[in-house]
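Comments concern the structure below.
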Amino acid sequence: MDALTRTITPPAVPGSSTPAGLVRASAGTTRALAAQPPAAEPAPGSAAAATTTPPARAARRSVAHGPDLQTGVAQAQQALDYLARIAAQLEALKADLSTRLAGRGAASRQLEARARQLGDTLDVRRSEGGAGLDAELGFDGDRTAQQRFRIDGLDIASLQAAAPQTLGFSVGSIGGPQLAATFEPGMTAEEIARRLDRTLAPVGIRAGLDTQRALVFTTPEATFDGIKDAIAVTGRGRVDTSALPASLAPREWQLGNPDALRQGLREVVQALSRVRRSQDAATLALSAAMTRTAQPELPQAELALLAADFSGTATSHDYQSLLAITSALVGVSRERVQALLGLR
């Protein structure tokens, strides 16, 4: 009977005087079976609808099943599939390079074929790896893939040498919006990067330092084409930008001597490490998303109350209550009830 009550969501009947017991049963069953057909739900704006759909639970459900969550799940799943392919190719290439360095197996043509295959797979990253995987094979569940680039003539040394100065920036085909950053004498590289980051953040550009302590800018890959030729700086007009290439470029490897083989092996090992971290990040993001979509089970005490309310309503001689119950039971087959009971 407990499971059966979760399959029943009595519809609202205009002008009916539904007993309080049935209203409570409807509230529980609405929470337990959100996937019921629309015809079995209370009419919008009715008293029953207001009673059977608590605002707090409705808000949680909309967050759990919203488009942002669905996009995140899709990105994580797509990234995991693509990363699995990349990892397999990197492992095969690592084995061939190792055996070649050991003086056995893996002819040059085989290594070159492996490298070309990896390059072909990297070329389709944006279409097959999803919007969450960047050129460095990094995955961040909280944001889409970022494009790293530099702005010509804008570097730490020149900004320090020209201080004090104020530079104006604009991004867009019509010259806006107008942004300004002031650089004082004695500012460190980190302070300059933070100043630029705060200035350009409103137009979707972030600034930071790379491992060589050089200025590097980032923006979502999807918007890079629209801004790369639209950045203007005071006194210089439109400035050129250059996208930073991916560090893993197998087509450029020269695998004809031991030094080149060792360098290639180092790059493969480093790429494998990044891939493993991204797989962990994508798996964690997917698990978190699945946890958010999971529906909490009703407490046993509430289930018992629902069963008692339903039993009392089912034995009632009130026509409107019986009509609501029989209408809700339309389409509930024996097989469906058995399947629901099997979930207990």
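Chain labels A, B, ... are given in the sequence in which chains occur in the structure tokens; within each chain residues are numbered consecutively from 1, and ligands are likewise numbered from 1 in the order shown.
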Each residue of range 129-212 of chain A lying at most 10 Å from range 245-267 of chain A should get a row with its shortest atom-to-atom pair and the distance in Å to one decimal, counting only C-alpha atoms; could you produce that, ordered by chain and increasing number, as a Markdown table?
| residue | atom | partner | partner_atom | distance |
| --- | --- | --- | --- | --- |
| A:Asp134 | CA | A:Ala246 | CA | 9.1 |
| A:Ala135 | CA | A:Ala246 | CA | 5.4 |
| A:Glu136 | CA | A:Ala246 | CA | 5.7 |
| A:Leu137 | CA | A:Ala246 | CA | 8.9 |
| A:Gln147 | CA | A:Pro245 | CA | 9.4 |
| A:Arg148 | CA | A:Pro245 | CA | 8.3 |
| A:Phe149 | CA | A:Pro245 | CA | 8.7 |
Extract, using only C-alpha atoms, all DNA, RNA and protein residues at most 9 Å from Leu83 in chain A, discarding same-chain residues fewer than 4 positions from it, and format them as a short mmCIF file (atom, residue, chain, number, x, y, z; two decimals) with N, CA and C atoms, in the first residue's frame.
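Saved the output as around-v1.cif:
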data_model
loop_
_atom_site.label_atom_id
_atom_site.label_comp_id
_atom_site.auth_asym_id
_atom_site.auth_seq_id
_atom_site.Cartn_x
_atom_site.Cartn_y
_atom_site.Cartn_z
N GLN A 78 30.77 14.10 -22.15
CA GLN A 78 31.47 14.23 -23.43
C GLN A 78 32.97 14.30 -23.21
N ALA A 79 33.39 15.04 -22.19
CA ALA A 79 34.82 15.15 -21.89
C ALA A 79 35.40 13.80 -21.48
N ALA A 87 43.69 9.27 -23.72
CA ALA A 87 44.53 8.50 -22.79
C ALA A 87 45.02 7.21 -23.43
N ALA A 88 44.14 6.52 -24.16
CA ALA A 88 44.54 5.27 -24.82
C ALA A 88 45.63 5.53 -25.86
N GLY A 129 35.19 16.88 -27.79
CA GLY A 129 35.52 16.90 -26.37
C GLY A 129 34.58 17.75 -25.53
N LEU A 137 43.92 20.21 -22.51
CA LEU A 137 43.21 19.02 -22.03
C LEU A 137 42.83 19.15 -20.55
N VAL A 275 45.72 14.63 -18.43
CA VAL A 275 44.51 13.90 -18.79
C VAL A 275 43.92 13.21 -17.57
N ARG A 276 44.77 12.59 -16.75
CA ARG A 276 44.28 11.89 -15.56
C ARG A 276 43.62 12.88 -14.60
N SER A 278 42.20 15.68 -15.42
CA SER A 278 40.94 16.12 -16.03
C SER A 278 39.88 15.03 -15.92
N GLN A 279 40.27 13.77 -16.06
CA GLN A 279 39.31 12.69 -15.89
C GLN A 279 38.76 12.68 -14.47
#
Inset, instruction - Compile the contact shell of Gly132 in chain A as a PyMOL selection string: residues with an atom at most 6 Å away, counting only C-alpha atoms, same-chain residues fewer than 5 positions apart removed. - result: chain A and resi 75+139+144-145
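Residues within 7 Å of range 93-99 of chain A, counting only C-alpha atoms and excluding same-chain residues fewer than 3 positions away, are Gln89, Leu90, Ala102, Gly103, Arg104, Gly105, Ala106, Leu111, Arg114, Leu261, Leu265 and Val268 of chain A.
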Inset, instruction - Taking the chain letters and numbering used in this document, name the residues of range 70-262 of chain A that DSSP puts in alpha helix (DSSP H), as an MDAnalysis selection string. - result: chainID A and resid 70:101 108:123 125:128 156:162 189:200 221:227 258:262
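The residue that comes closest to Ala74 in chain A, out of A:Ala230, A:Ala285, A:Leu305, A:Ala157 and on the basis of only C-alpha atoms, is A:Ala285.
Across the structure, CA of Ser108 in chain A and CA of Thr121 in chain A are spaced 20.1 Å apart.
The neighbours of Thr241 in chain A here are the residues that come within 7 Å of it, using only C-alpha atoms and leaving out any residue fewer than 3 positions away in the same chain; they are Phe149, Arg150, Ile151, Asp152 and Lys228 of chain A.
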Could the residues in this selection be written to a file with all heavy atoms, as an mmCIF file, in the first residue's frame?
data_model
loop_
_atom_site.group_PDB
_atom_site.id
_atom_site.type_symbol
_atom_site.label_atom_id
_atom_site.label_comp_id
_atom_site.auth_asym_id
_atom_site.auth_seq_id
_atom_site.Cartn_x
_atom_site.Cartn_y
_atom_site.Cartn_z
ATOM 1 N N PHE A 149 45.816 33.788 -24.528
ATOM 2 C CA PHE A 149 46.387 34.612 -25.590
ATOM 3 C C PHE A 149 47.204 35.747 -24.993
ATOM 4 O O PHE A 149 47.151 36.015 -23.786
ATOM 5 C CB PHE A 149 45.273 35.177 -26.497
ATOM 6 C CG PHE A 149 44.342 36.152 -25.832
ATOM 7 C CD1 PHE A 149 44.517 37.528 -25.977
ATOM 8 C CD2 PHE A 149 43.274 35.703 -25.059
ATOM 9 C CE1 PHE A 149 43.662 38.438 -25.373
ATOM 10 C CE2 PHE A 149 42.413 36.600 -24.449
ATOM 11 C CZ PHE A 149 42.607 37.967 -24.607
ATOM 12 N N ARG A 150 47.966 36.403 -25.861
ATOM 13 C CA ARG A 150 48.738 37.568 -25.453
ATOM 14 C C ARG A 150 48.296 38.769 -26.277
ATOM 15 O O ARG A 150 47.799 38.618 -27.396
ATOM 16 C CB ARG A 150 50.236 37.324 -25.633
ATOM 17 C CG ARG A 150 50.771 36.157 -24.821
ATOM 18 C CD ARG A 150 52.284 36.194 -24.725
ATOM 19 N NE ARG A 150 52.827 34.942 -24.250
ATOM 20 C CZ ARG A 150 52.862 34.546 -22.986
ATOM 21 N NH1 ARG A 150 52.362 35.337 -22.048
ATOM 22 N NH2 ARG A 150 53.386 33.382 -22.641
ATOM 23 N N ILE A 151 48.491 39.956 -25.715
ATOM 24 C CA ILE A 151 48.221 41.208 -26.414
ATOM 25 C C ILE A 151 49.573 41.819 -26.763
ATOM 26 O O ILE A 151 50.385 42.102 -25.862
ATOM 27 C CB ILE A 151 47.390 42.171 -25.549
ATOM 28 C CG1 ILE A 151 46.034 41.546 -25.210
ATOM 29 C CG2 ILE A 151 47.195 43.495 -26.269
ATOM 30 C CD1 ILE A 151 45.167 42.395 -24.292
ATOM 31 N N ASP A 152 49.828 41.996 -28.031
ATOM 32 C CA ASP A 152 51.126 42.494 -28.478
ATOM 33 C C ASP A 152 51.419 43.871 -27.888
ATOM 34 O O ASP A 152 50.563 44.767 -27.880
ATOM 35 C CB ASP A 152 51.159 42.579 -30.007
ATOM 36 C CG ASP A 152 51.122 41.206 -30.664
ATOM 37 O OD1 ASP A 152 51.185 40.202 -29.920
ATOM 38 O OD2 ASP A 152 51.037 41.136 -31.905
ATOM 39 N N LYS A 228 39.239 38.909 -30.539
ATOM 40 C CA LYS A 228 40.684 38.908 -30.799
ATOM 41 C C LYS A 228 41.123 40.082 -31.675
ATOM 42 O O LYS A 228 42.266 40.540 -31.566
ATOM 43 C CB LYS A 228 41.103 37.586 -31.441
ATOM 44 C CG LYS A 228 40.514 37.330 -32.816
ATOM 45 C CD LYS A 228 40.987 35.996 -33.357
ATOM 46 C CE LYS A 228 40.418 35.725 -34.751
ATOM 47 N NZ LYS A 228 40.875 34.424 -35.287
#
Inset, instruction - May I ask for the distance between CA of Ala131 in chain A and CA of Val239 in chain A, given in Å to one decimal place? - result: 27.3 Å
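Across the structure, CA of Ala92 in chain A and CA of Ala115 in chain A are spaced 10.2 Å apart.
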Legend entry - Counting only C-alpha atoms, the residue of A:Leu167, A:Ala201, A:Ala307, A:Leu286 that sits nearest Phe217 in chain A: A:Ala201
Inset, instruction - Have a look at A:Arg100, A:Gln146, A:Ala76, A:Gly168 and name the one nearest to Ala232 in chain A; count only C-alpha atoms. - result: A:Gly168
Inset, instruction - Step one, run DSSP on the backbone; step two, keep only residues of range 63-177 of chain A assigned to strand (DSSP E or B); then write them as a PyMOL selection string. - result: chain A and resi 133+139+146-151+165-171
